[in-house]
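**Student:** Handing you this structure, nothing more for now.
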Amino acid sequence: MEFRHKHIIALRDLSKEDIELLLATAESMREVNSRDIKKVPTLRGKTIINLFYESSTRTRTSFEIAGKRLSADTVNIAPSNSSATKGETLADTALNLLAMKPDIIVMRHAVSGSHYFLANKVNCSIINAGDGAHEHPSQGLLDMLTIKDRFGRLDGLKVAIVGDITHSRVARSNIQGLTKMGSSIYLAGPPTMMPPGVEKLGNVTVCNTMKEAIQDADVVMMLRIQQERQGKTLMPNTREYSRYFGLNPENLKLAKPEAMVMHPGPINRGVEMSSYVVDGDQSHILKQVENGVAVRMSMLYHVCGGELAE
Amino acid sequence: MNLLIKGGRVIDPSQGIDDTLDVVVENGRVKEIGKGLSAPADAETIDASGKYVVPGLIDMHVHLRDPGLEYKEDIISGTKAAVAGGFTSVCCMPNTKPVIDNKAVATYIINKARTEGSCNVFPVGNITYGMNGERMAEMGELKESGCVAVSDDGKPVKNSELMRRALEYAKGMGILVISHAEELDLVGAGVMNEGFTSTELGLKGIPRVAEDIATAREVMLAEYTGAPVHIAHVSTEGAVRIIRDAKARGVQVTCETAPHYFTLTDDAVRGYNTNAKMNPPLREVADVAAIKAGLVDGTVDAIATDHAPHHLDDKDVEFSEAMNGIIGLETSLPLSLKLVNDGVLTLQQLVEKMSCNPSEILGLGRGTLKVGGVADITVIDPNKQWLVTAEGLASKSKNSPWLGETMTGAAACTVVDGKIVFSGR
């Protein structure tokens, strides 16, 4: 099996086989992360630029560690603004960076689709670390790896995703990826946060209540409520949101006893999730973060098209 | 220059003509229409056999970007694009720099068009001073300066009281108000139609109800004040229904749509194509069907392009950052002819919507081949096949979603004031 994609921009663009390959490689990368000396020479001499137009701690650090563990040279850039109307355009920034001959640009950008725009301008590989409300493929992959770790499979699982689906790139990547892998996705959230036609994105059922979504679920994935994204018109306040769409030890009992709880972070404790659930036995949130490094090593490795240095 | 346009299928709905006839033009006027006419002295003969001869096409909604935004388009290039598309008259919208809220700018446009342009240019002045939606512009003087309508196109008049007064005042001055009908709170930061495609692409949507509500407001204000209103670039099923119902009640409302709204859906945005980004946005299959039905039953009076030239720098950027609008002057005729080929419209209806009705709505006194009238004539080759290329377009800007596509139908000859200004691509 060969990975034929130069870029990883969206899980929508990948096949089931591509995803299986990325996950399998990630599993083998975990061995590196458990060593005393966590480094392999796989990407030695390769240059990776992490270009983050939106702030990020987790994802950027994870990509940076992933690159370093593969012996690539990684550089982080966080331009002060993300608007093409102010200062240098994205295309010009990219062309200037390209002149320094990077092998991969890992970019996070607030504008959906900006990675496709970039991919048309440059000849290095592009990895999407999140674009607007479009996709966040590395998050989708690390979520799938974490689910696979728990259940040994992805097909036939009931996955509930609860929160602001409209503004969530995490939800879109999970819907695209999990559908390809055979899971069933149940969405819940206020109708103000449910985008039109979302049921056609994959094997998706839109539920009227949170209870309906998490009933007998194998996976309960909660999304971050971001006051700055939801603005003033999508919900009354976080108190009421929490009351109807927050996960707590009581409503978690509706899910299967062995159900796992996930969250892409950062968490608003007490809003979308109670601390008892965040820190509880069923929480796999830190395993998601741990798997993030392995998944991103796999992504970097495959877009470089190299061979595994065993 | 005198002309004999020989043997074409002359279609002039204003006189109920549809026959193979000759047209004689003398001193800029239509001299005679009939069979077997002979050429007057010093006449150039145009062989129109196999072609349509129609009253000069009128595009009542274009952006010429002059003055102020000449890097996108100017009156010279814009009117060249117009005549290449078969248009003998265009109405240019006032979102220029400065805006057309005073006599000086209107006069500049009219004079430049007269001396350097290729076709008639009728400016549309502003509804509000500075186009800032706060206070009425001097509509009386704008009309006297040659403006044929007022509009704040691109920017709806948000204040309903001001819109009501503008309709009343404009009626008194005998000038038509053209509304860009969108409820801005509902548009928000949207960049494309709200629907499945926006969900999949993760782009913020503009719901159709934003246009429907604003259209309903304009219709109700027109009904209440008894003043006429024209709705620009109708794109939704709801707006068509609202206008149809209003017309049935006798409200003085007219409207236009653009070729992209009956040709494309928001599927064209896939790939984050900024040449499929405009305002209002491309809608869905049901809307395209409703627009066509509205054209057929007369709800939609006119086809106008909303020709909106933008420089590569304004379009070759991330989707959300790209400016709204596409050029349309040179592709409007073939895209509209397709409606005839597809059996949606008759040729007569097409000529009505691209010439007679815009003239009637704006009181231009054109849109006809009546003997004695101004000789604005378009000769159309309905079978001409041509490839849309950046180099082949006369417009300064190349922001067309049809680049690389083959069009069927084109202007074979465009005659303005009795003079040949374009003779085929």
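Letters A, B, ... go to the chains of the structure tokens in the order shown; residues in each chain start at 1; ligands are counted from 1 in the same order.
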Near chain B, meaning an atom within 9 Å, which residues of chain A appear when counting only C-alpha atoms? Write them as number ranges by chain.
**Tutor:** A: 83-85, 89-91, 111-118, 131-135, 166-169, 172, 195-198, 200-201
**Student:** Could you dump the residues just selected with N, CA and C atoms as a PDB file, in the first residue's frame?
**Tutor:**
```
ATOM      1  N   SER A  83      -5.336  38.214   8.145  1.00  0.00           N
ATOM      2  CA  SER A  83      -6.148  38.760   7.066  1.00  0.00           C
ATOM      3  C   SER A  83      -5.290  39.139   5.879  1.00  0.00           C
ATOM      4  N   ALA A  84      -5.738  38.693   4.714  1.00  0.00           N
ATOM      5  CA  ALA A  84      -5.005  39.022   3.499  1.00  0.00           C
ATOM      6  C   ALA A  84      -5.138  40.495   3.156  1.00  0.00           C
ATOM      7  N   THR A  85      -6.135  41.143   3.753  1.00  0.00           N
ATOM      8  CA  THR A  85      -6.341  42.550   3.417  1.00  0.00           C
ATOM      9  C   THR A  85      -5.363  43.449   4.161  1.00  0.00           C
ATOM     10  N   THR A  89       0.083  39.218   1.707  1.00  0.00           N
ATOM     11  CA  THR A  89      -0.931  38.208   1.394  1.00  0.00           C
ATOM     12  C   THR A  89      -0.409  36.821   1.752  1.00  0.00           C
ATOM     13  N   LEU A  90      -1.339  35.894   1.921  1.00  0.00           N
ATOM     14  CA  LEU A  90      -0.972  34.509   2.210  1.00  0.00           C
ATOM     15  C   LEU A  90      -0.078  33.958   1.101  1.00  0.00           C
ATOM     16  N   ALA A  91      -0.423  34.276  -0.145  1.00  0.00           N
ATOM     17  CA  ALA A  91       0.362  33.763  -1.267  1.00  0.00           C
ATOM     18  C   ALA A  91       1.796  34.281  -1.198  1.00  0.00           C
ATOM     19  N   VAL A 111      -9.337  30.820   7.419  1.00  0.00           N
ATOM     20  CA  VAL A 111     -10.204  30.803   6.233  1.00  0.00           C
ATOM     21  C   VAL A 111     -10.338  29.380   5.689  1.00  0.00           C
ATOM     22  N   SER A 112     -11.570  28.885   5.633  1.00  0.00           N
ATOM     23  CA  SER A 112     -11.820  27.554   5.072  1.00  0.00           C
ATOM     24  C   SER A 112     -11.304  27.492   3.640  1.00  0.00           C
ATOM     25  N   GLY A 113     -10.615  26.391   3.322  1.00  0.00           N
ATOM     26  CA  GLY A 113     -10.156  26.193   1.947  1.00  0.00           C
ATOM     27  C   GLY A 113      -8.840  26.872   1.625  1.00  0.00           C
ATOM     28  N   SER A 114      -8.251  27.587   2.590  1.00  0.00           N
ATOM     29  CA  SER A 114      -7.022  28.324   2.255  1.00  0.00           C
ATOM     30  C   SER A 114      -5.865  27.374   1.913  1.00  0.00           C
ATOM     31  N   HIS A 115      -5.931  26.126   2.396  1.00  0.00           N
ATOM     32  CA  HIS A 115      -4.863  25.177   2.061  1.00  0.00           C
ATOM     33  C   HIS A 115      -4.897  24.764   0.600  1.00  0.00           C
ATOM     34  N   TYR A 116      -6.103  24.676   0.034  1.00  0.00           N
ATOM     35  CA  TYR A 116      -6.194  24.355  -1.403  1.00  0.00           C
ATOM     36  C   TYR A 116      -5.607  25.507  -2.210  1.00  0.00           C
ATOM     37  N   PHE A 117      -5.920  26.722  -1.759  1.00  0.00           N
ATOM     38  CA  PHE A 117      -5.370  27.915  -2.407  1.00  0.00           C
ATOM     39  C   PHE A 117      -3.845  27.863  -2.374  1.00  0.00           C
ATOM     40  N   LEU A 118      -3.316  27.539  -1.197  1.00  0.00           N
ATOM     41  CA  LEU A 118      -1.868  27.480  -1.020  1.00  0.00           C
ATOM     42  C   LEU A 118      -1.244  26.362  -1.863  1.00  0.00           C
ATOM     43  N   ASP A 131      -8.454  24.492   9.177  1.00  0.00           N
ATOM     44  CA  ASP A 131      -8.814  25.649   8.352  1.00  0.00           C
ATOM     45  C   ASP A 131     -10.269  26.028   8.601  1.00  0.00           C
ATOM     46  N   GLY A 132     -10.455  27.170   9.213  1.00  0.00           N
ATOM     47  CA  GLY A 132     -11.799  27.707   9.440  1.00  0.00           C
ATOM     48  C   GLY A 132     -12.714  26.658  10.039  1.00  0.00           C
ATOM     49  N   ALA A 133     -13.881  26.518   9.437  1.00  0.00           N
ATOM     50  CA  ALA A 133     -14.848  25.511   9.891  1.00  0.00           C
ATOM     51  C   ALA A 133     -14.854  24.330   8.937  1.00  0.00           C
ATOM     52  N   HIS A 134     -13.757  24.156   8.198  1.00  0.00           N
ATOM     53  CA  HIS A 134     -13.732  23.120   7.165  1.00  0.00           C
ATOM     54  C   HIS A 134     -13.248  21.776   7.721  1.00  0.00           C
ATOM     55  N   GLU A 135     -11.927  21.604   7.891  1.00  0.00           N
ATOM     56  CA  GLU A 135     -11.432  20.319   8.389  1.00  0.00           C
ATOM     57  C   GLU A 135     -10.207  20.494   9.296  1.00  0.00           C
ATOM     58  N   THR A 166     -21.803  23.468  13.404  1.00  0.00           N
ATOM     59  CA  THR A 166     -21.629  24.453  12.320  1.00  0.00           C
ATOM     60  C   THR A 166     -20.203  24.983  12.252  1.00  0.00           C
ATOM     61  N   HIS A 167     -19.663  25.335  13.407  1.00  0.00           N
ATOM     62  CA  HIS A 167     -18.347  25.972  13.406  1.00  0.00           C
ATOM     63  C   HIS A 167     -17.199  24.992  13.652  1.00  0.00           C
ATOM     64  N   SER A 168     -17.507  23.690  13.658  1.00  0.00           N
ATOM     65  CA  SER A 168     -16.477  22.735  14.064  1.00  0.00           C
ATOM     66  C   SER A 168     -15.800  22.011  12.908  1.00  0.00           C
ATOM     67  N   ARG A 169     -14.514  22.281  12.740  1.00  0.00           N
ATOM     68  CA  ARG A 169     -13.726  21.531  11.764  1.00  0.00           C
ATOM     69  C   ARG A 169     -13.410  20.142  12.300  1.00  0.00           C
ATOM     70  N   ARG A 172     -16.342  17.983  11.329  1.00  0.00           N
ATOM     71  CA  ARG A 172     -16.341  17.635   9.898  1.00  0.00           C
ATOM     72  C   ARG A 172     -15.307  16.561   9.584  1.00  0.00           C
ATOM     73  N   PRO A 195     -25.506  22.691  11.020  1.00  0.00           N
ATOM     74  CA  PRO A 195     -25.490  23.250   9.665  1.00  0.00           C
ATOM     75  C   PRO A 195     -26.449  22.499   8.731  1.00  0.00           C
ATOM     76  N   PRO A 196     -27.011  23.192   7.741  1.00  0.00           N
ATOM     77  CA  PRO A 196     -27.990  22.554   6.855  1.00  0.00           C
ATOM     78  C   PRO A 196     -27.366  21.419   6.044  1.00  0.00           C
ATOM     79  N   GLY A 197     -28.106  20.339   5.924  1.00  0.00           N
ATOM     80  CA  GLY A 197     -27.653  19.236   5.077  1.00  0.00           C
ATOM     81  C   GLY A 197     -26.549  18.402   5.677  1.00  0.00           C
ATOM     82  N   VAL A 198     -26.267  18.569   6.974  1.00  0.00           N
ATOM     83  CA  VAL A 198     -25.124  17.864   7.573  1.00  0.00           C
ATOM     84  C   VAL A 198     -25.324  16.347   7.537  1.00  0.00           C
ATOM     85  N   LYS A 200     -26.159  14.688   5.154  1.00  0.00           N
ATOM     86  CA  LYS A 200     -25.681  14.157   3.871  1.00  0.00           C
ATOM     87  C   LYS A 200     -24.160  14.083   3.801  1.00  0.00           C
ATOM     88  N   LEU A 201     -23.481  14.566   4.853  1.00  0.00           N
ATOM     89  CA  LEU A 201     -22.016  14.554   4.833  1.00  0.00           C
ATOM     90  C   LEU A 201     -21.447  13.156   5.008  1.00  0.00           C
TER      91      LEU A 201
END
```
**Student:** Please list as a list in words every residue within 6 Å of region 220-224 of chain B, counting only C-alpha atoms and excluding residues in the same chain fewer than 3 positions away.
**Tutor:** Arg164, Arg217, Ala227, Pro228 and Val251 of chain B
**Student:** Using only C-alpha atoms for the distances, tell me which of A:Leu154, A:Ala171, A:Leu234, A:Leu11 is nearest to Pro190 (chain A).
**Tutor:**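 Among A:Leu154, A:Ala171, A:Leu234, A:Leu11, it is A:Leu234 that comes nearest to Pro190 (chain A).
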**Student:** I need the alpha helix (DSSP H) residues of region 97-277 of chain A per DSSP on the backbone, written as a ChimeraX atom specification.
**Tutor:** /A:97-98,114-119,137-151,169-180,210-214,227-230,238-245,249-252,275-277
**Student:** Using backbone DSSP assignments, extract all strand (DSSP E) residues from region 29-207 of chain B; output them as a PyMOL selection string.
**Tutor:** chain B and resi 29-34+43-47+52-55+57-62+87-92+120-125+149-151+176-179+192-193+205-206
**Student:** Once you have the residues from the selection above, write them out as a PDB file, in the first residue's frame, restricted to C-alpha atoms.
**Tutor:**
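Saved file out_4.pdb follows:
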```pdb
ATOM      1  CA  ARG B  29     -32.050  56.213 -37.451  1.00  0.00           C
ATOM      2  CA  VAL B  30     -34.038  53.238 -38.638  1.00  0.00           C
ATOM      3  CA  LYS B  31     -35.259  54.315 -42.095  1.00  0.00           C
ATOM      4  CA  GLU B  32     -37.191  51.312 -43.277  1.00  0.00           C
ATOM      5  CA  ILE B  33     -37.954  47.673 -42.524  1.00  0.00           C
ATOM      6  CA  GLY B  34     -39.239  45.398 -45.254  1.00  0.00           C
ATOM      7  CA  ALA B  43     -24.473  52.243 -47.442  1.00  0.00           C
ATOM      8  CA  GLU B  44     -22.530  49.377 -46.048  1.00  0.00           C
ATOM      9  CA  THR B  45     -24.363  46.091 -46.458  1.00  0.00           C
ATOM     10  CA  ILE B  46     -24.382  43.576 -43.630  1.00  0.00           C
ATOM     11  CA  ASP B  47     -25.318  40.064 -44.665  1.00  0.00           C
ATOM     12  CA  TYR B  52     -31.093  37.395 -35.765  1.00  0.00           C
ATOM     13  CA  VAL B  53     -31.557  41.150 -36.040  1.00  0.00           C
ATOM     14  CA  VAL B  54     -32.906  42.597 -32.807  1.00  0.00           C
ATOM     15  CA  PRO B  55     -33.239  45.947 -31.057  1.00  0.00           C
ATOM     16  CA  LEU B  57     -29.433  44.794 -26.199  1.00  0.00           C
ATOM     17  CA  ILE B  58     -29.569  46.772 -22.964  1.00  0.00           C
ATOM     18  CA  ASP B  59     -27.799  45.723 -19.776  1.00  0.00           C
ATOM     19  CA  MET B  60     -29.428  47.654 -16.992  1.00  0.00           C
ATOM     20  CA  HIS B  61     -26.916  46.594 -14.339  1.00  0.00           C
ATOM     21  CA  VAL B  62     -23.164  46.842 -14.833  1.00  0.00           C
ATOM     22  CA  PHE B  87     -25.047  45.441 -25.864  1.00  0.00           C
ATOM     23  CA  THR B  88     -25.736  48.889 -27.264  1.00  0.00           C
ATOM     24  CA  SER B  89     -26.614  50.435 -23.898  1.00  0.00           C
ATOM     25  CA  VAL B  90     -25.482  49.802 -20.350  1.00  0.00           C
ATOM     26  CA  CYS B  91     -26.536  51.326 -17.045  1.00  0.00           C
ATOM     27  CA  CYS B  92     -23.603  51.726 -14.692  1.00  0.00           C
ATOM     28  CA  ASN B 120     -24.537  54.308 -24.695  1.00  0.00           C
ATOM     29  CA  VAL B 121     -23.867  54.609 -20.981  1.00  0.00           C
ATOM     30  CA  PHE B 122     -26.668  55.619 -18.661  1.00  0.00           C
ATOM     31  CA  PRO B 123     -25.495  56.217 -15.127  1.00  0.00           C
ATOM     32  CA  VAL B 124     -27.479  55.122 -12.102  1.00  0.00           C
ATOM     33  CA  GLY B 125     -27.108  57.648  -9.291  1.00  0.00           C
ATOM     34  CA  ALA B 149     -32.397  55.500 -11.847  1.00  0.00           C
ATOM     35  CA  VAL B 150     -31.048  55.609  -8.314  1.00  0.00           C
ATOM     36  CA  SER B 151     -29.596  52.721  -6.332  1.00  0.00           C
ATOM     37  CA  LEU B 176     -36.871  54.824 -10.458  1.00  0.00           C
ATOM     38  CA  VAL B 177     -35.375  53.276  -7.319  1.00  0.00           C
ATOM     39  CA  ILE B 178     -33.412  50.056  -7.844  1.00  0.00           C
ATOM     40  CA  SER B 179     -33.007  48.007  -4.675  1.00  0.00           C
ATOM     41  CA  MET B 192     -21.724  31.808  -0.082  1.00  0.00           C
ATOM     42  CA  ASN B 193     -25.229  30.378  -0.126  1.00  0.00           C
ATOM     43  CA  GLY B 205     -23.542  30.722   4.597  1.00  0.00           C
ATOM     44  CA  ILE B 206     -25.893  33.485   3.492  1.00  0.00           C
TER      45      ILE B 206
END
```
**Student:** Neighbours of Ser160 (chain B) within 12 Å (only C-alpha atoms; same-chain residues fewer than 2 positions away dropped), as a PyMOL selection string?
**Tutor:** chain B and resi 133-134+156-158+162-167+181+183+214+216-222
**Student:** Determine, counting only C-alpha atoms, which protein, DNA and RNA residues have an atom within 9 Å of an atom of Ala72 (chain A); residues of the same chain fewer than 4 positions away are not included. Present the result as a PyMOL selection string.
**Tutor:** chain A and resi 41-48+66-68
**Student:** Which one is closest to His302 (chain A): A:Asp18, A:Asp216, A:Asp13, A:Glu258? Count only C-alpha atoms.
**Tutor:**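 The answer is A:Asp18, which sits nearest to His302 (chain A).
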**Student:** Can you pull out every residue within 7 Å of Pro259 (chain B), counting only C-alpha atoms, but drop anything in the same chain fewer than 3 positions away, and send it as a tab-separated table (two decimals) with N, CA and C atoms, in the first residue's frame?
**Tutor:**
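The resulting result-v8.tsv:
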```
chain	number	residue	atom	x	y	z
B	262	PHE	N	-29.47	31.74	-13.41
B	262	PHE	CA	-30.24	30.68	-14.07
B	262	PHE	C	-29.34	29.63	-14.73
B	263	THR	N	-28.01	29.79	-14.54
B	263	THR	CA	-27.08	28.86	-15.17
B	263	THR	C	-26.32	28.01	-14.16
B	303	ILE	N	-33.10	40.50	-17.99
B	303	ILE	CA	-31.84	39.81	-17.73
B	303	ILE	C	-30.76	40.89	-17.75
B	305	THR	N	-26.58	41.74	-16.29
B	305	THR	CA	-25.43	40.88	-15.95
B	305	THR	C	-24.87	41.09	-14.55
B	332	SER	N	-23.25	36.96	-21.42
B	332	SER	CA	-24.68	37.03	-21.15
B	332	SER	C	-25.52	36.52	-22.32
B	335	LEU	N	-25.34	32.64	-22.83
B	335	LEU	CA	-25.98	31.94	-21.71
B	335	LEU	C	-27.50	32.13	-21.77
B	336	SER	N	-27.95	33.31	-22.22
B	336	SER	CA	-29.39	33.55	-22.33
B	336	SER	C	-29.97	32.83	-23.54
```
**Student:** Tell me, as a list in words, which residues lie within 7 Å of Met273 (chain A), counting only C-alpha atoms; anything in the same chain fewer than 2 positions away does not count.
**Tutor:** Gly246, Leu247, Asn248, Arg269, Gly270, Val271, Ser275, Val277 and Val278 of chain A
**Student:** Quick one: distance from CA of Ser274 (chain A) to CA of Ala188 (chain A) in Å, one decimal?
**Tutor:**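 Those two atoms sit 17.3 Å apart.
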**Student:** Could you state the separation of CA of Tyr241 (chain A) and CA of Gly163 (chain A) in Å, given to one decimal place?
**Tutor:**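 Value for the CA of Tyr241 (chain A)-CA of Gly163 (chain A) distance: 9.2 Å.
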